[in-house]
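For reference, coords14.txt (compact mmCIF, N, CA and C atoms):
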# COMPACT_ATOMS: atom_id res chain seq x y z
N MET A 1 0.84 -1.18 0.00
CA MET A 1 0.00 0.00 0.00
C MET A 1 0.89 1.25 0.00
N THR A 2 0.63 2.18 -0.91
CA THR A 2 1.38 3.42 -0.99
C THR A 2 0.62 4.50 -0.23
N ILE A 3 1.33 5.27 0.55
CA ILE A 3 0.72 6.32 1.37
C ILE A 3 0.77 7.65 0.63
N LEU A 4 -0.35 8.36 0.64
CA LEU A 4 -0.42 9.71 0.09
C LEU A 4 -0.19 10.68 1.24
N ARG A 5 0.79 11.56 1.06
CA ARG A 5 1.05 12.61 2.05
C ARG A 5 0.79 13.96 1.40
N ILE A 6 0.12 14.83 2.16
CA ILE A 6 -0.16 16.18 1.68
C ILE A 6 0.32 17.17 2.73
N TYR A 7 1.16 18.11 2.30
CA TYR A 7 1.64 19.18 3.16
C TYR A 7 1.08 20.49 2.62
N THR A 8 0.53 21.32 3.50
CA THR A 8 -0.09 22.57 3.05
C THR A 8 0.27 23.73 3.97
N ASP A 9 0.15 24.93 3.41
CA ASP A 9 0.28 26.14 4.21
C ASP A 9 -0.35 27.29 3.46
N GLY A 10 -0.80 28.28 4.21
CA GLY A 10 -1.36 29.48 3.62
C GLY A 10 -1.06 30.66 4.53
N ALA A 11 -0.97 31.83 3.95
CA ALA A 11 -0.66 33.03 4.73
C ALA A 11 -1.21 34.25 4.02
N CYS A 12 -1.26 35.36 4.77
CA CYS A 12 -1.75 36.61 4.22
C CYS A 12 -1.06 37.77 4.92
N SER A 13 -0.76 38.83 4.19
CA SER A 13 -0.05 39.98 4.75
C SER A 13 -0.97 40.91 5.54
N GLY A 14 -2.24 40.69 5.48
CA GLY A 14 -3.24 41.49 6.20
C GLY A 14 -4.57 40.79 6.05
N ASN A 15 -5.64 41.43 6.46
CA ASN A 15 -6.96 40.82 6.29
C ASN A 15 -7.91 41.78 5.61
N GLN A 16 -8.32 41.42 4.44
CA GLN A 16 -9.33 42.10 3.63
C GLN A 16 -9.11 43.60 3.51
N SER A 17 -7.91 43.98 3.15
CA SER A 17 -7.68 45.37 2.78
C SER A 17 -7.27 45.38 1.30
N SER A 18 -7.39 46.50 0.67
CA SER A 18 -7.11 46.55 -0.77
C SER A 18 -5.62 46.38 -1.08
N GLU A 19 -4.77 46.45 -0.06
CA GLU A 19 -3.33 46.36 -0.29
C GLU A 19 -2.72 45.02 0.11
N ASN A 20 -3.49 44.12 0.71
CA ASN A 20 -2.89 42.87 1.18
C ASN A 20 -2.82 41.82 0.08
N VAL A 21 -1.94 40.85 0.29
CA VAL A 21 -1.76 39.75 -0.65
C VAL A 21 -1.67 38.47 0.16
N GLY A 22 -2.36 37.42 -0.30
CA GLY A 22 -2.32 36.12 0.35
C GLY A 22 -1.75 35.08 -0.59
N GLY A 23 -1.24 34.00 -0.02
CA GLY A 23 -0.70 32.92 -0.83
C GLY A 23 -0.89 31.58 -0.16
N TRP A 24 -0.87 30.51 -0.96
CA TRP A 24 -1.01 29.16 -0.44
C TRP A 24 -0.08 28.25 -1.21
N GLY A 25 0.26 27.13 -0.58
CA GLY A 25 1.10 26.13 -1.22
C GLY A 25 0.74 24.74 -0.74
N SER A 26 0.91 23.76 -1.61
CA SER A 26 0.63 22.35 -1.29
C SER A 26 1.69 21.47 -1.92
N ILE A 27 2.06 20.43 -1.22
CA ILE A 27 2.95 19.41 -1.76
C ILE A 27 2.25 18.07 -1.58
N LEU A 28 2.10 17.31 -2.66
CA LEU A 28 1.54 15.97 -2.62
C LEU A 28 2.66 14.98 -2.90
N GLU A 29 2.77 13.97 -2.07
CA GLU A 29 3.74 12.89 -2.27
C GLU A 29 3.00 11.56 -2.29
N PHE A 30 3.22 10.80 -3.35
CA PHE A 30 2.60 9.48 -3.48
C PHE A 30 3.66 8.55 -4.05
N GLY A 31 4.24 7.73 -3.19
CA GLY A 31 5.34 6.87 -3.64
C GLY A 31 6.50 7.74 -4.08
N GLU A 32 6.96 7.51 -5.30
CA GLU A 32 8.06 8.29 -5.85
C GLU A 32 7.60 9.57 -6.56
N HIS A 33 6.31 9.78 -6.65
CA HIS A 33 5.76 10.94 -7.34
C HIS A 33 5.59 12.10 -6.37
N LYS A 34 5.86 13.31 -6.87
CA LYS A 34 5.74 14.51 -6.06
C LYS A 34 5.18 15.63 -6.92
N ARG A 35 4.21 16.36 -6.39
CA ARG A 35 3.64 17.50 -7.12
C ARG A 35 3.57 18.69 -6.16
N GLU A 36 4.07 19.83 -6.63
CA GLU A 36 4.00 21.07 -5.87
C GLU A 36 2.99 21.99 -6.54
N MET A 37 2.17 22.63 -5.73
CA MET A 37 1.15 23.54 -6.24
C MET A 37 1.19 24.81 -5.40
N PHE A 38 0.84 25.93 -6.01
CA PHE A 38 0.81 27.18 -5.26
C PHE A 38 -0.06 28.19 -5.97
N GLY A 39 -0.46 29.23 -5.26
CA GLY A 39 -1.27 30.28 -5.84
C GLY A 39 -1.41 31.43 -4.86
N GLY A 40 -2.13 32.44 -5.25
CA GLY A 40 -2.31 33.59 -4.38
C GLY A 40 -3.47 34.45 -4.85
N GLU A 41 -3.86 35.38 -3.98
CA GLU A 41 -4.96 36.30 -4.27
C GLU A 41 -4.72 37.63 -3.57
N ALA A 42 -5.28 38.67 -4.11
CA ALA A 42 -5.30 39.97 -3.44
C ALA A 42 -6.60 40.10 -2.65
N ASN A 43 -6.59 40.96 -1.66
CA ASN A 43 -7.79 41.25 -0.86
C ASN A 43 -8.44 39.97 -0.34
N THR A 44 -7.69 39.20 0.44
CA THR A 44 -8.18 37.93 0.96
C THR A 44 -7.88 37.85 2.45
N THR A 45 -8.06 36.69 3.06
CA THR A 45 -7.78 36.51 4.48
C THR A 45 -6.83 35.33 4.68
N ASN A 46 -6.21 35.29 5.84
CA ASN A 46 -5.33 34.19 6.19
C ASN A 46 -6.10 32.87 6.22
N ASN A 47 -7.29 32.88 6.82
CA ASN A 47 -8.09 31.65 6.90
C ASN A 47 -8.43 31.11 5.52
N ARG A 48 -8.75 31.98 4.62
CA ARG A 48 -9.10 31.55 3.26
C ARG A 48 -7.91 30.87 2.58
N MET A 49 -6.72 31.42 2.75
CA MET A 49 -5.52 30.83 2.14
C MET A 49 -5.17 29.50 2.81
N GLU A 50 -5.33 29.42 4.14
CA GLU A 50 -5.06 28.17 4.85
C GLU A 50 -5.99 27.05 4.38
N LEU A 51 -7.22 27.38 4.05
CA LEU A 51 -8.18 26.37 3.58
C LEU A 51 -8.06 26.08 2.09
N THR A 52 -7.63 27.05 1.32
CA THR A 52 -7.47 26.85 -0.12
C THR A 52 -6.40 25.81 -0.42
N ALA A 53 -5.32 25.80 0.36
CA ALA A 53 -4.21 24.87 0.12
C ALA A 53 -4.65 23.41 0.15
N PRO A 54 -5.31 22.91 1.20
CA PRO A 54 -5.73 21.50 1.16
C PRO A 54 -6.85 21.22 0.17
N ILE A 55 -7.73 22.19 -0.06
CA ILE A 55 -8.80 21.98 -1.03
C ILE A 55 -8.21 21.76 -2.42
N MET A 56 -7.26 22.61 -2.80
CA MET A 56 -6.63 22.47 -4.12
C MET A 56 -5.86 21.15 -4.22
N ALA A 57 -5.21 20.74 -3.14
CA ALA A 57 -4.48 19.47 -3.15
C ALA A 57 -5.44 18.30 -3.35
N LEU A 58 -6.57 18.32 -2.65
CA LEU A 58 -7.52 17.23 -2.76
C LEU A 58 -8.16 17.15 -4.15
N THR A 59 -8.24 18.25 -4.86
CA THR A 59 -8.82 18.21 -6.20
C THR A 59 -7.90 17.50 -7.20
N ARG A 60 -6.63 17.31 -6.86
CA ARG A 60 -5.67 16.66 -7.75
C ARG A 60 -5.59 15.14 -7.56
N ILE A 61 -6.28 14.61 -6.57
CA ILE A 61 -6.23 13.17 -6.32
C ILE A 61 -7.05 12.46 -7.40
N LYS A 62 -6.45 11.46 -8.04
CA LYS A 62 -7.09 10.79 -9.16
C LYS A 62 -7.74 9.46 -8.77
N GLU A 63 -7.30 8.84 -7.68
CA GLU A 63 -7.84 7.55 -7.28
C GLU A 63 -8.58 7.68 -5.97
N PRO A 64 -9.62 6.86 -5.76
CA PRO A 64 -10.36 6.91 -4.49
C PRO A 64 -9.50 6.49 -3.30
Rendering of file as structure tokens:
Amino acid sequence: MTILRIYTDGACSGNQSSENVGGWGSILEFGEHKREMFGGEANTTNNRMELTAPIMALTRIKEP
């Protein structure tokens, strides 16, 4: 059995101001395969970025 590991993080320079920027990142490891994903948004919150990272990672899983 191969184990799927997902590492995530998200952050934001402020909360819902027109000048802040947020970002998220995810790393998926499955056996010898590794995929890195990342993204960002303006005018967002830390909580939103923290939740976006695992959601985006889970959308990439191909097998049940």
Inset, instruction - Run DSSP on the backbone of this structure and report the residues of chain A it assigns to strand (DSSP E), as a PyMOL selection string. - result: chain A and resi 4-12+21-30+33-42
Legend entry - Long-range neighbours of Ser18 in chain A as number ranges by chain, 8 Å cut-off, only N, CA and C atoms, 2 positions minimum in chain: A: 15-16, 20-21, 42-44
Inset, instruction - Pick out the closest residue to Gly25 in chain A from this set: A:Tyr7, A:Cys12, A:Ile55, A:Thr2. Count only N, CA and C atoms. - result: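 Selected residue with least distance to Gly25 in chain A: A:Tyr7.
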Legend entry - For Asn46 in chain A, the nearest of the candidates A:Leu4, A:Ile61, A:Ala11, A:Leu28, counting all atoms listed in the file: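 Using all atoms listed in the file, the shortest distance to Asn46 in chain A belongs to A:Ala11.
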Legend entry - For atom C of Met37 in chain A and CA of Glu19 in chain A, the interatomic separation in Å (one decimal):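 Pair atom C of Met37 in chain A / CA of Glu19 in chain A returns 22.6 Å.
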Legend entry - Those of chain A in DSSP helix (DSSP H, G or I), formatted as an NGL selection string: :A and (46-59)
Inset, instruction - State, in Å with one decimal place, the distance from CA of His33 in chain A to CA of Asp9 in chain A. - result: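 Separation between CA of His33 in chain A and CA of Asp9 in chain A: 19.9 Å.
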Legend entry - Point-to-point distance in Å for CA of Gly10 in chain A and CA of Thr45 in chain A: 9.6 Å
Legend entry - Residue contacts of Phe38 in chain A (7 Å, only N, CA and C atoms) excluding same-chain residues fewer than 6 positions away, as an MDAnalysis selection string: chainID A and resid 23:26
Inset, instruction - Pick out the closest residue to Thr8 in chain A from this set: A:Pro54, A:Gly40, A:Asn47, A:Gly22. Count only C-alpha atoms. - result: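 Nearest to Thr8 in chain A: A:Pro54.
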Leaving out Lys34 in chain A and any residue of its chain fewer than 3 positions from it, which residues lie within 10 Å of it when counting only C-alpha atoms, given as an mmCIF file with N, CA and C atoms, keeping the file's coordinate frame?
data_model
loop_
_atom_site.group_PDB
_atom_site.id
_atom_site.type_symbol
_atom_site.label_atom_id
_atom_site.label_comp_id
_atom_site.auth_asym_id
_atom_site.auth_seq_id
_atom_site.Cartn_x
_atom_site.Cartn_y
_atom_site.Cartn_z
ATOM 1 N N LEU A 4 -0.350 8.360 0.640
ATOM 2 C CA LEU A 4 -0.420 9.710 0.090
ATOM 3 C C LEU A 4 -0.190 10.680 1.240
ATOM 4 N N ARG A 5 0.790 11.560 1.060
ATOM 5 C CA ARG A 5 1.050 12.610 2.050
ATOM 6 C C ARG A 5 0.790 13.960 1.400
ATOM 7 N N ILE A 6 0.120 14.830 2.160
ATOM 8 C CA ILE A 6 -0.160 16.180 1.680
ATOM 9 C C ILE A 6 0.320 17.170 2.730
ATOM 10 N N ILE A 27 2.060 20.430 -1.220
ATOM 11 C CA ILE A 27 2.950 19.410 -1.760
ATOM 12 C C ILE A 27 2.250 18.070 -1.580
ATOM 13 N N LEU A 28 2.100 17.310 -2.660
ATOM 14 C CA LEU A 28 1.540 15.970 -2.620
ATOM 15 C C LEU A 28 2.660 14.980 -2.900
ATOM 16 N N GLU A 29 2.770 13.970 -2.070
ATOM 17 C CA GLU A 29 3.740 12.890 -2.270
ATOM 18 C C GLU A 29 3.000 11.560 -2.290
ATOM 19 N N PHE A 30 3.220 10.800 -3.350
ATOM 20 C CA PHE A 30 2.600 9.480 -3.480
ATOM 21 C C PHE A 30 3.660 8.550 -4.050
ATOM 22 N N GLY A 31 4.240 7.730 -3.190
ATOM 23 C CA GLY A 31 5.340 6.870 -3.640
ATOM 24 C C GLY A 31 6.500 7.740 -4.080
#
